[in-house]
>>> print(open('work23.txt').read())   # compact mmCIF, C-alpha atoms
# COMPACT_ATOMS: atom_id res chain seq x y z
CA MET A 20 21.41 -4.85 -24.07
CA SER A 21 19.82 -7.62 -22.10
CA ASP A 22 16.76 -7.58 -19.91
CA LEU A 23 17.09 -6.53 -16.31
CA LYS A 24 15.98 -9.08 -13.74
CA VAL A 25 15.03 -7.47 -10.45
CA CYS A 26 13.53 -8.58 -7.18
CA VAL A 27 11.23 -6.18 -5.33
CA ARG A 28 10.95 -6.59 -1.55
CA MET A 29 7.39 -6.29 -0.29
CA PHE A 30 6.19 -4.99 3.08
CA ALA A 31 3.05 -4.71 5.21
CA VAL A 32 -0.20 -4.68 3.21
CA ALA A 33 1.72 -4.98 -0.09
CA ARG A 34 3.39 -8.15 1.18
CA GLU A 35 0.06 -9.61 2.20
CA LEU A 36 -1.57 -8.72 -1.11
CA ALA A 37 1.35 -10.26 -3.02
CA GLY A 38 1.35 -13.34 -0.79
CA SER A 39 5.13 -13.13 -0.73
CA ASP A 40 7.87 -10.95 0.68
CA GLU A 41 9.41 -10.50 -2.76
CA VAL A 42 8.26 -10.25 -6.36
CA LYS A 43 10.59 -10.99 -9.26
CA LEU A 44 10.24 -8.86 -12.40
CA THR A 45 11.95 -8.80 -15.78
CA LEU A 46 12.39 -5.28 -17.15
CA PRO A 47 13.73 -4.01 -20.46
CA ALA A 48 17.16 -2.40 -20.43
CA GLY A 49 16.84 1.28 -19.56
CA ALA A 50 13.76 0.69 -17.39
CA THR A 51 12.70 3.35 -14.91
CA ILE A 52 11.19 3.16 -11.45
CA GLY A 53 7.85 3.98 -13.11
CA ASP A 54 8.25 0.78 -15.14
CA VAL A 55 8.89 -1.13 -11.91
CA ARG A 56 5.64 0.22 -10.46
CA ARG A 57 3.67 -0.71 -13.61
CA ARG A 58 5.14 -4.21 -13.83
CA LEU A 59 4.60 -4.73 -10.13
CA VAL A 60 0.90 -3.92 -10.44
CA GLU A 61 0.65 -6.21 -13.48
CA ALA A 62 2.27 -8.99 -11.47
CA VAL A 63 0.10 -8.31 -8.40
CA PRO A 64 -3.22 -6.89 -9.65
CA ALA A 65 -4.48 -6.60 -6.06
CA LEU A 66 -2.10 -3.65 -5.65
CA ALA A 67 -3.92 -1.64 -8.33
CA PRO A 68 -6.28 0.29 -6.00
CA MET A 69 -3.35 1.61 -3.97
CA GLN A 70 -0.75 1.97 -6.70
CA ALA A 71 -0.71 5.77 -6.52
CA GLN A 72 0.23 5.53 -2.85
CA LEU A 73 3.05 3.06 -3.30
CA MET A 74 6.57 4.40 -3.17
CA ILE A 75 9.43 2.48 -4.70
CA ALA A 76 12.73 2.52 -2.85
CA MET A 77 16.06 1.78 -4.51
CA ASN A 78 19.10 1.05 -2.37
CA HIS A 79 17.28 2.23 0.77
CA ASP A 80 16.13 5.59 -0.58
CA TYR A 81 12.86 6.85 -2.03
CA VAL A 82 13.22 7.48 -5.74
CA SER A 83 10.97 9.17 -8.29
CA ASP A 84 9.34 7.40 -11.22
CA ASP A 85 11.76 8.84 -13.78
CA ALA A 86 14.86 7.41 -12.08
CA LEU A 87 16.64 4.65 -13.99
CA VAL A 88 16.81 1.24 -12.39
CA VAL A 89 20.41 0.47 -11.52
CA ALA A 90 21.62 -3.08 -12.13
CA ASP A 91 21.76 -5.14 -8.93
CA ALA A 92 19.98 -2.42 -6.97
CA GLU A 93 17.86 -3.42 -4.01
CA LEU A 94 14.25 -2.47 -4.81
CA ALA A 95 11.37 -2.34 -2.38
CA CYS A 96 7.67 -1.54 -2.51
CA ILE A 97 6.80 0.87 0.29
CA PRO A 98 3.13 1.39 1.20
CA PRO A 99 2.41 4.60 3.17
CA VAL A 100 4.33 4.27 6.41
CA SER A 101 2.68 4.20 9.83
CA GLY A 102 5.43 3.83 12.39
CA GLY A 103 5.61 5.72 15.63
CA MET O 28 22.19 6.25 18.55
CA ILE O 29 19.75 4.48 16.27
CA ARG O 30 18.14 1.15 17.00
CA LEU O 31 15.34 -1.26 16.08
CA THR O 32 14.43 -3.71 18.81
CA ARG O 33 11.96 -6.47 19.57
CA GLU O 34 12.47 -6.00 23.31
CA PRO O 35 10.76 -3.43 25.57
CA ILE O 36 12.43 -0.03 25.22
CA ASP O 37 14.76 0.66 28.15
CA THR O 38 14.07 4.34 28.80
CA ALA O 39 16.50 4.61 31.71
CA ALA O 40 19.32 3.44 29.43
CA LEU O 41 18.29 5.99 26.80
CA LEU O 42 18.36 8.82 29.33
CA ASP O 43 21.79 7.69 30.51
CA GLU O 44 22.95 7.64 26.92
CA VAL O 45 21.93 11.19 26.01
CA GLY O 46 22.69 12.78 29.36
CA SER O 47 25.88 14.84 29.54
CA PRO O 48 27.48 17.61 31.60
CA GLN O 49 27.26 19.71 28.40
CA ALA O 50 23.47 19.38 28.36
CA GLY O 51 21.11 21.44 30.47
CA ALA O 52 18.03 19.79 29.05
CA VAL O 53 16.95 16.25 28.21
CA VAL O 54 13.68 15.55 26.42
CA LEU O 55 12.31 12.02 26.11
CA PHE O 56 9.32 11.30 23.86
CA LEU O 57 7.55 7.94 23.97
CA GLY O 58 4.90 6.84 21.50
CA THR O 59 2.64 4.32 23.25
CA VAL O 60 -0.11 1.94 22.18
CA ARG O 61 -3.45 3.72 22.58
CA GLU O 62 -6.67 1.83 23.19
CA MET O 63 -9.27 4.04 21.51
CA THR O 64 -9.20 5.54 18.00
CA GLY O 65 -12.51 7.32 17.78
CA SER O 66 -15.01 4.60 18.66
CA GLN O 67 -12.71 1.75 17.60
CA GLN O 68 -11.00 -0.25 20.30
CA THR O 69 -7.47 -1.56 19.86
CA LEU O 70 -6.37 -4.75 21.59
CA ALA O 71 -2.76 -4.73 20.40
CA LEU O 72 -0.49 -3.60 17.58
CA ASP O 73 2.08 -5.41 15.48
CA TYR O 74 4.95 -3.42 13.98
CA GLU O 75 6.93 -4.40 10.89
CA ALA O 76 9.91 -2.60 9.37
CA TYR O 77 12.08 -2.64 6.30
CA PRO O 78 15.00 -2.81 8.71
CA GLU O 79 17.94 -1.80 6.53
CA MET O 80 16.14 1.23 5.12
CA ALA O 81 14.52 2.15 8.45
CA LEU O 82 17.93 2.29 10.12
CA ALA O 83 19.34 4.33 7.22
CA LYS O 84 16.46 6.83 7.42
CA MET O 85 16.69 7.07 11.20
CA ALA O 86 20.41 7.83 10.89
CA GLU O 87 19.61 10.54 8.32
CA LEU O 88 17.08 12.01 10.75
CA GLU O 89 19.66 12.16 13.53
CA ALA O 90 22.19 13.81 11.20
CA ALA O 91 19.60 16.35 9.98
CA ALA O 92 18.54 17.17 13.55
CA ARG O 93 22.16 17.68 14.57
CA GLU O 94 22.53 20.16 11.70
CA LYS O 95 19.46 22.08 12.75
CA TRP O 96 19.97 22.14 16.52
CA PRO O 97 23.02 22.02 18.82
CA LEU O 98 22.26 18.58 20.19
CA VAL O 99 24.56 16.89 22.63
CA GLY O 100 22.94 13.45 22.61
CA CYS O 101 20.35 11.93 20.31
CA ALA O 102 18.80 8.46 20.51
CA ILE O 103 15.99 7.05 18.38
CA VAL O 104 14.59 3.58 19.03
CA HIS O 105 11.65 1.87 17.33
CA ARG O 106 10.21 -1.34 18.68
CA LEU O 107 8.99 -4.07 16.31
CA GLY O 108 6.75 -7.09 16.77
CA HIS O 109 3.72 -7.48 19.03
CA LEU O 110 2.90 -4.67 21.47
CA GLU O 111 0.17 -4.52 24.09
CA LEU O 112 -1.77 -1.46 25.21
CA GLY O 113 0.36 1.16 26.93
CA GLN O 114 3.69 -0.22 25.75
CA ALA O 115 6.14 2.13 24.06
CA SER O 116 6.56 1.58 20.33
CA VAL O 117 9.01 4.41 19.72
CA ALA O 118 11.35 6.56 21.79
CA VAL O 119 13.17 9.75 20.90
CA ALA O 120 15.61 11.13 23.46
CA VAL O 121 17.61 14.28 22.86
CA SER O 122 19.76 16.53 24.98
CA SER O 123 20.97 20.06 24.35
CA PRO O 124 22.46 22.96 26.27
CA HIS O 125 19.01 24.62 26.65
CA ARG O 126 15.49 23.22 26.69
CA GLY O 127 14.13 25.03 23.63
CA GLU O 128 16.34 23.15 21.21
CA ALA O 129 15.67 19.82 22.89
CA PHE O 130 11.89 20.26 22.67
CA GLN O 131 12.05 21.42 19.04
CA ALA O 132 14.41 18.67 17.95
CA GLY O 133 12.39 15.98 19.72
CA GLN O 134 9.16 17.15 18.08
CA TRP O 135 10.76 17.37 14.63
CA LEU O 136 12.35 13.95 14.99
CA ILE O 137 9.15 12.11 15.90
CA ASP O 138 7.05 14.01 13.33
CA THR O 139 9.53 13.31 10.53
CA LEU O 140 10.11 9.71 11.63
CA LYS O 141 6.38 9.07 11.25
CA GLN O 142 6.53 10.44 7.71
CA VAL O 143 9.63 8.84 6.23
CA VAL O 144 10.83 5.81 8.18
CA PRO O 145 9.57 2.55 6.62
CA VAL O 146 7.78 1.03 9.60
CA TRP O 147 4.15 -0.11 9.56
CA LYS O 148 1.65 -0.90 12.27
CA GLN O 149 -1.12 -3.44 12.10
CA GLU O 150 -4.15 -2.91 14.31
CA HIS O 151 -5.75 -5.78 16.14
CA TRP O 152 -9.23 -4.45 16.74
CA ALA O 153 -11.52 -5.61 19.52
CA ASP O 154 -14.00 -6.95 16.91
CA GLY O 155 -11.44 -9.57 15.87
CA THR O 156 -10.31 -7.95 12.62
CA HIS O 157 -6.77 -7.01 11.67
CA GLU O 158 -5.88 -3.97 9.62
CA TRP O 159 -2.67 -2.45 8.35
CA VAL O 160 -2.58 1.26 9.00
CA HIS O 161 -1.64 3.11 5.83
CA PRO O 162 -2.13 6.85 5.92
CA ALA O 163 -3.95 8.50 3.03
CA ALA O 164 -2.34 9.51 -0.21
CA GLU O 165 -0.91 12.77 1.00
CA SER O 166 1.49 10.60 2.93
CA ALA O 167 4.70 11.78 3.56
CA CYS O 168 6.77 9.29 1.81
CA THR O 169 7.37 12.12 -0.58
CA THR O 170 8.43 14.51 2.18
CA GLY O 171 12.18 14.52 1.87
CA LEU O 172 14.58 15.14 4.64
CA ASP O 173 15.79 18.19 2.77
CA GLN O 174 12.58 19.90 3.67
CA ARG O 175 13.72 21.60 6.82
CA SER O 176 10.53 23.43 7.63
CA PRO O 177 8.36 21.79 10.25
CA PRO O 178 6.16 19.04 8.82
CA PRO O 179 2.40 19.52 8.74
CA PRO O 180 0.45 18.61 11.83
CA ASP O 181 -0.13 14.94 12.32
CA LYS O 182 -3.18 14.01 10.28
CA GLU O 183 -5.66 11.40 11.35
CA ARG O 184 -3.67 8.41 10.35
CA ARG O 185 -6.51 6.00 10.10
CA ALA O 186 -8.68 7.99 7.73
CA THR O 187 -8.42 5.67 4.74
CA PRO O 188 -6.71 2.51 5.82
CA ALA O 189 -6.14 -0.35 3.46
CA LYS O 190 -8.04 -3.17 5.01
CA VAL O 191 -6.96 -6.77 4.99
CA ASP O 192 -9.23 -8.94 7.04
CA ARG O 193 -7.77 -12.21 8.11
CA ALA O 194 -10.80 -13.24 10.04
>>> encode(input="work23.txt", output="structure tokens")
Amino acid sequence: MSDLKVCVRMFAVARELAGSDEVKLTLPAGATIGDVRRRLVEAVPALAPMQAQLMIAMNHDYVSDDALVVADAELACIPPVSGG
Amino acid sequence: MIRLTREPIDTAALLDEVGSPQAGAVVLFLGTVREMTGSQQTLALDYEAYPEMALAKMAELEAAAREKWPLVGCAIVHRLGHLELGQASVAVAVSSPHRGEAFQAGQWLIDTLKQVVPVWKQEHWADGTHEWVHPAAESACTTGLDQRSPPPPDKERRATPAKVDRA
């Protein structure tokens, strides 16, 4: 099985820390959302202090770390929300 | 009705939208830009959203509220972009046959919106700094919509913000 190339959309403080509104990652086949979080922090070390607070969304829903990354899914890095 | 907008929220239109001969009660909640947070003075706020997901979550909120209460009308609008003091950043309007359900649904909708909808505010403080507001780790991103009990009381949202100074 081939590697999975994904693009993670970045928002708010995570976007500013990344200096970009998306981060491209290459994951092994069978990767989980937890792998996305780890690779994201490796790619953007400035996220490390807040990594426990970051949620990862897949296809517009919050997903847990053990969920498998679906090919062609839309991924996003969601810092704690503060709307309202 | 679910909407994100960069224009001022038209509250009269919202009230028209949820009003109905079947409703004996209409509740409108507005969240507005407050000047003082403790001793810190706000000049303005900027709101950013993950629009596709925010709209999806807002639609889930409306559907969940309609399951819980006999709502006639329901409208949720969040404003994005630059807001000055006193302007409305969010509006929740609901109508129901009796006032109890409308008050309860309105409270649940705004409380849950603040926990799950991917929208962020950035403070422009009077001292010239800018700061994204990110609630502390107990944040409610993990609070699913399936949890039908009332959410916990609104915590002090600015307790441990992640600070990004652009000054």
>>> interface_residues(input="work23.txt", of="chain A", to="chain O", cutoff="12 Å", atoms="all atoms listed in the file", output="number ranges by chain")
A: 28-36, 40, 65-66, 68-84, 93-103
>>> write_last_selection(input="work23.txt", atoms="C-alpha atoms", output="PDB file, in the coordinates of the input")
ATOM      1  CA  ARG A  28      10.950  -6.590  -1.550  1.00  0.00           C
ATOM      2  CA  MET A  29       7.390  -6.290  -0.290  1.00  0.00           C
ATOM      3  CA  PHE A  30       6.190  -4.990   3.080  1.00  0.00           C
ATOM      4  CA  ALA A  31       3.050  -4.710   5.210  1.00  0.00           C
ATOM      5  CA  VAL A  32      -0.200  -4.680   3.210  1.00  0.00           C
ATOM      6  CA  ALA A  33       1.720  -4.980  -0.090  1.00  0.00           C
ATOM      7  CA  ARG A  34       3.390  -8.150   1.180  1.00  0.00           C
ATOM      8  CA  GLU A  35       0.060  -9.610   2.200  1.00  0.00           C
ATOM      9  CA  LEU A  36      -1.570  -8.720  -1.110  1.00  0.00           C
ATOM     10  CA  ASP A  40       7.870 -10.950   0.680  1.00  0.00           C
ATOM     11  CA  ALA A  65      -4.480  -6.600  -6.060  1.00  0.00           C
ATOM     12  CA  LEU A  66      -2.100  -3.650  -5.650  1.00  0.00           C
ATOM     13  CA  PRO A  68      -6.280   0.290  -6.000  1.00  0.00           C
ATOM     14  CA  MET A  69      -3.350   1.610  -3.970  1.00  0.00           C
ATOM     15  CA  GLN A  70      -0.750   1.970  -6.700  1.00  0.00           C
ATOM     16  CA  ALA A  71      -0.710   5.770  -6.520  1.00  0.00           C
ATOM     17  CA  GLN A  72       0.230   5.530  -2.850  1.00  0.00           C
ATOM     18  CA  LEU A  73       3.050   3.060  -3.300  1.00  0.00           C
ATOM     19  CA  MET A  74       6.570   4.400  -3.170  1.00  0.00           C
ATOM     20  CA  ILE A  75       9.430   2.480  -4.700  1.00  0.00           C
ATOM     21  CA  ALA A  76      12.730   2.520  -2.850  1.00  0.00           C
ATOM     22  CA  MET A  77      16.060   1.780  -4.510  1.00  0.00           C
ATOM     23  CA  ASN A  78      19.100   1.050  -2.370  1.00  0.00           C
ATOM     24  CA  HIS A  79      17.280   2.230   0.770  1.00  0.00           C
ATOM     25  CA  ASP A  80      16.130   5.590  -0.580  1.00  0.00           C
ATOM     26  CA  TYR A  81      12.860   6.850  -2.030  1.00  0.00           C
ATOM     27  CA  VAL A  82      13.220   7.480  -5.740  1.00  0.00           C
ATOM     28  CA  SER A  83      10.970   9.170  -8.290  1.00  0.00           C
ATOM     29  CA  ASP A  84       9.340   7.400 -11.220  1.00  0.00           C
ATOM     30  CA  GLU A  93      17.860  -3.420  -4.010  1.00  0.00           C
ATOM     31  CA  LEU A  94      14.250  -2.470  -4.810  1.00  0.00           C
ATOM     32  CA  ALA A  95      11.370  -2.340  -2.380  1.00  0.00           C
ATOM     33  CA  CYS A  96       7.670  -1.540  -2.510  1.00  0.00           C
ATOM     34  CA  ILE A  97       6.800   0.870   0.290  1.00  0.00           C
ATOM     35  CA  PRO A  98       3.130   1.390   1.200  1.00  0.00           C
ATOM     36  CA  PRO A  99       2.410   4.600   3.170  1.00  0.00           C
ATOM     37  CA  VAL A 100       4.330   4.270   6.410  1.00  0.00           C
ATOM     38  CA  SER A 101       2.680   4.200   9.830  1.00  0.00           C
ATOM     39  CA  GLY A 102       5.430   3.830  12.390  1.00  0.00           C
ATOM     40  CA  GLY A 103       5.610   5.720  15.630  1.00  0.00           C
TER      41      GLY A 103
END
>>> closest_residue(input="work23.txt", among="O:Ala153, O:Ala71, O:Val119, O:Ile29", to="Glu87 of chain O", atoms="all atoms listed in the file")
O:Ile29
>>> atom_distance(input="work23.txt", atom1="atom CA of Ala132 of chain O", atom2="atom CA of Ala120 of chain O")
9.4 Å
>>> atom_distance(input="work23.txt", atom1="atom CA of Glu34 of chain O", atom2="atom CA of Met85 of chain O")
18.3 Å
>>> atom_distance(input="work23.txt", atom1="atom CA of Glu61 of chain A", atom2="atom CA of Asp73 of chain O")
29.0 Å
>>> axis_aligned_box(input="work23.txt", around="segment 92-97 of chain A", padding_each_side="6 Å", output="lines of an AutoDock Vina configuration file")
center_x = 13.4
center_y = -1.3
center_z = -3.3
size_x = 25.2
size_y = 16.3
size_z = 19.3
>>> closest_residue(input="work23.txt", among="O:Phe130, O:Glu111, O:Leu136, O:Cys101", to="Gly46 of chain O", atoms="only C-alpha atoms")
O:Cys101
>>> closest_residue(input="work23.txt", among="O:Leu31, O:Val121, O:Leu55, O:Ile36", to="Leu98 of chain O", atoms="all atoms listed in the file")
O:Val121
>>> residues_around(input="work23.txt", residues="Ala62 of chain A", least_positions_apart="5", cutoff="12 Å", atoms="all atoms listed in the file", output="tab-separated table (two decimals) with C-alpha atoms, in the frame of the given file")
chain	number	residue	atom	x	y	z
A	27	VAL	CA	11.23	-6.18	-5.33
A	36	LEU	CA	-1.57	-8.72	-1.11
A	37	ALA	CA	1.35	-10.26	-3.02
A	38	GLY	CA	1.35	-13.34	-0.79
A	39	SER	CA	5.13	-13.13	-0.73
A	41	GLU	CA	9.41	-10.50	-2.76
A	42	VAL	CA	8.26	-10.25	-6.36
A	43	LYS	CA	10.59	-10.99	-9.26
A	44	LEU	CA	10.24	-8.86	-12.40
A	45	THR	CA	11.95	-8.80	-15.78
A	55	VAL	CA	8.89	-1.13	-11.91
A	56	ARG	CA	5.64	0.22	-10.46
A	57	ARG	CA	3.67	-0.71	-13.61
A	67	ALA	CA	-3.92	-1.64	-8.33
>>> residues_around(input="work23.txt", residues="Asp22 of chain A", least_positions_apart="5", cutoff="12 Å", atoms="all atoms listed in the file", output="list in words")
Leu44, Thr45, Leu46, Pro47, Ala48, Gly49, Ala50, Val88 and Ala90 of chain A
>>> build_atoms(input="work23.txt", residues="segment 87-98 of chain A", atoms="all heavy atoms", output="PDB file, in the frame of the given file")
ATOM      1  N   LEU A  87      16.286   5.893 -13.309  1.00  0.00           N
ATOM      2  CA  LEU A  87      16.640   4.650 -13.990  1.00  0.00           C
ATOM      3  C   LEU A  87      16.944   3.564 -12.963  1.00  0.00           C
ATOM      4  O   LEU A  87      17.564   3.831 -11.928  1.00  0.00           O
ATOM      5  CB  LEU A  87      17.877   4.869 -14.869  1.00  0.00           C
ATOM      6  CG  LEU A  87      17.662   5.710 -16.126  1.00  0.00           C
ATOM      7  CD1 LEU A  87      19.007   5.970 -16.810  1.00  0.00           C
ATOM      8  CD2 LEU A  87      16.706   5.020 -17.091  1.00  0.00           C
ATOM      9  N   VAL A  88      16.509   2.362 -13.274  1.00  0.00           N
ATOM     10  CA  VAL A  88      16.810   1.240 -12.390  1.00  0.00           C
ATOM     11  C   VAL A  88      18.281   0.847 -12.586  1.00  0.00           C
ATOM     12  O   VAL A  88      18.732   0.605 -13.700  1.00  0.00           O
ATOM     13  CB  VAL A  88      15.901   0.032 -12.710  1.00  0.00           C
ATOM     14  CG1 VAL A  88      16.279  -1.155 -11.841  1.00  0.00           C
ATOM     15  CG2 VAL A  88      14.440   0.416 -12.511  1.00  0.00           C
ATOM     16  N   VAL A  89      18.992   0.817 -11.490  1.00  0.00           N
ATOM     17  CA  VAL A  89      20.410   0.470 -11.520  1.00  0.00           C
ATOM     18  C   VAL A  89      20.534  -1.048 -11.403  1.00  0.00           C
ATOM     19  O   VAL A  89      19.816  -1.676 -10.614  1.00  0.00           O
ATOM     20  CB  VAL A  89      21.133   1.161 -10.338  1.00  0.00           C
ATOM     21  CG1 VAL A  89      22.599   0.760 -10.298  1.00  0.00           C
ATOM     22  CG2 VAL A  89      20.970   2.663 -10.420  1.00  0.00           C
ATOM     23  N   ALA A  90      21.431  -1.626 -12.196  1.00  0.00           N
ATOM     24  CA  ALA A  90      21.620  -3.080 -12.130  1.00  0.00           C
ATOM     25  C   ALA A  90      22.020  -3.484 -10.723  1.00  0.00           C
ATOM     26  O   ALA A  90      22.804  -2.798 -10.058  1.00  0.00           O
ATOM     27  CB  ALA A  90      22.696  -3.507 -13.129  1.00  0.00           C
ATOM     28  N   ASP A  91      21.457  -4.584 -10.249  1.00  0.00           N
ATOM     29  CA  ASP A  91      21.760  -5.140  -8.930  1.00  0.00           C
ATOM     30  C   ASP A  91      21.309  -4.256  -7.774  1.00  0.00           C
ATOM     31  O   ASP A  91      21.715  -4.470  -6.625  1.00  0.00           O
ATOM     32  CB  ASP A  91      23.264  -5.425  -8.775  1.00  0.00           C
ATOM     33  CG  ASP A  91      23.754  -6.434  -9.800  1.00  0.00           C
ATOM     34  OD1 ASP A  91      22.978  -7.367 -10.111  1.00  0.00           O
ATOM     35  OD2 ASP A  91      24.874  -6.274 -10.308  1.00  0.00           O
ATOM     36  N   ALA A  92      20.484  -3.261  -8.060  1.00  0.00           N
ATOM     37  CA  ALA A  92      19.980  -2.420  -6.970  1.00  0.00           C
ATOM     38  C   ALA A  92      18.990  -3.212  -6.134  1.00  0.00           C
ATOM     39  O   ALA A  92      18.337  -4.135  -6.623  1.00  0.00           O
ATOM     40  CB  ALA A  92      19.299  -1.182  -7.538  1.00  0.00           C
ATOM     41  N   GLU A  93      18.895  -2.834  -4.858  1.00  0.00           N
ATOM     42  CA  GLU A  93      17.860  -3.420  -4.010  1.00  0.00           C
ATOM     43  C   GLU A  93      16.604  -2.569  -4.147  1.00  0.00           C
ATOM     44  O   GLU A  93      16.607  -1.377  -3.833  1.00  0.00           O
ATOM     45  CB  GLU A  93      18.313  -3.451  -2.546  1.00  0.00           C
ATOM     46  CG  GLU A  93      17.250  -4.077  -1.643  1.00  0.00           C
ATOM     47  CD  GLU A  93      17.752  -4.332  -0.230  1.00  0.00           C
ATOM     48  OE1 GLU A  93      18.882  -4.830  -0.085  1.00  0.00           O
ATOM     49  OE2 GLU A  93      17.010  -4.030   0.715  1.00  0.00           O
ATOM     50  N   LEU A  94      15.516  -3.184  -4.618  1.00  0.00           N
ATOM     51  CA  LEU A  94      14.250  -2.470  -4.810  1.00  0.00           C
ATOM     52  C   LEU A  94      13.260  -2.920  -3.750  1.00  0.00           C
ATOM     53  O   LEU A  94      13.283  -4.067  -3.308  1.00  0.00           O
ATOM     54  CB  LEU A  94      13.685  -2.760  -6.202  1.00  0.00           C
ATOM     55  CG  LEU A  94      14.531  -2.255  -7.374  1.00  0.00           C
ATOM     56  CD1 LEU A  94      13.989  -2.803  -8.686  1.00  0.00           C
ATOM     57  CD2 LEU A  94      14.541  -0.728  -7.409  1.00  0.00           C
ATOM     58  N   ALA A  95      12.392  -1.995  -3.371  1.00  0.00           N
ATOM     59  CA  ALA A  95      11.370  -2.340  -2.380  1.00  0.00           C
ATOM     60  C   ALA A  95      10.109  -1.543  -2.671  1.00  0.00           C
ATOM     61  O   ALA A  95      10.164  -0.406  -3.139  1.00  0.00           O
ATOM     62  CB  ALA A  95      11.862  -2.030  -0.963  1.00  0.00           C
ATOM     63  N   CYS A  96       8.977  -2.172  -2.362  1.00  0.00           N
ATOM     64  CA  CYS A  96       7.670  -1.540  -2.510  1.00  0.00           C
ATOM     65  C   CYS A  96       7.237  -1.051  -1.129  1.00  0.00           C
ATOM     66  O   CYS A  96       7.117  -1.850  -0.198  1.00  0.00           O
ATOM     67  CB  CYS A  96       6.693  -2.584  -3.053  1.00  0.00           C
ATOM     68  SG  CYS A  96       4.995  -2.037  -3.077  1.00  0.00           S
ATOM     69  N   ILE A  97       7.035   0.263  -1.024  1.00  0.00           N
ATOM     70  CA  ILE A  97       6.800   0.870   0.290  1.00  0.00           C
ATOM     71  C   ILE A  97       5.382   1.453   0.342  1.00  0.00           C
ATOM     72  O   ILE A  97       5.141   2.546  -0.174  1.00  0.00           O
ATOM     73  CB  ILE A  97       7.812   2.023   0.549  1.00  0.00           C
ATOM     74  CG1 ILE A  97       9.240   1.584   0.236  1.00  0.00           C
ATOM     75  CG2 ILE A  97       7.680   2.545   1.976  1.00  0.00           C
ATOM     76  CD1 ILE A  97       9.886   0.746   1.278  1.00  0.00           C
ATOM     77  N   PRO A  98       4.443   0.769   0.984  1.00  0.00           N
ATOM     78  CA  PRO A  98       3.130   1.390   1.200  1.00  0.00           C
ATOM     79  C   PRO A  98       3.292   2.573   2.174  1.00  0.00           C
ATOM     80  O   PRO A  98       4.322   2.676   2.861  1.00  0.00           O
ATOM     81  CB  PRO A  98       2.300   0.287   1.857  1.00  0.00           C
ATOM     82  CG  PRO A  98       3.104  -0.963   1.752  1.00  0.00           C
ATOM     83  CD  PRO A  98       4.539  -0.559   1.600  1.00  0.00           C
TER      84      PRO A  98
END
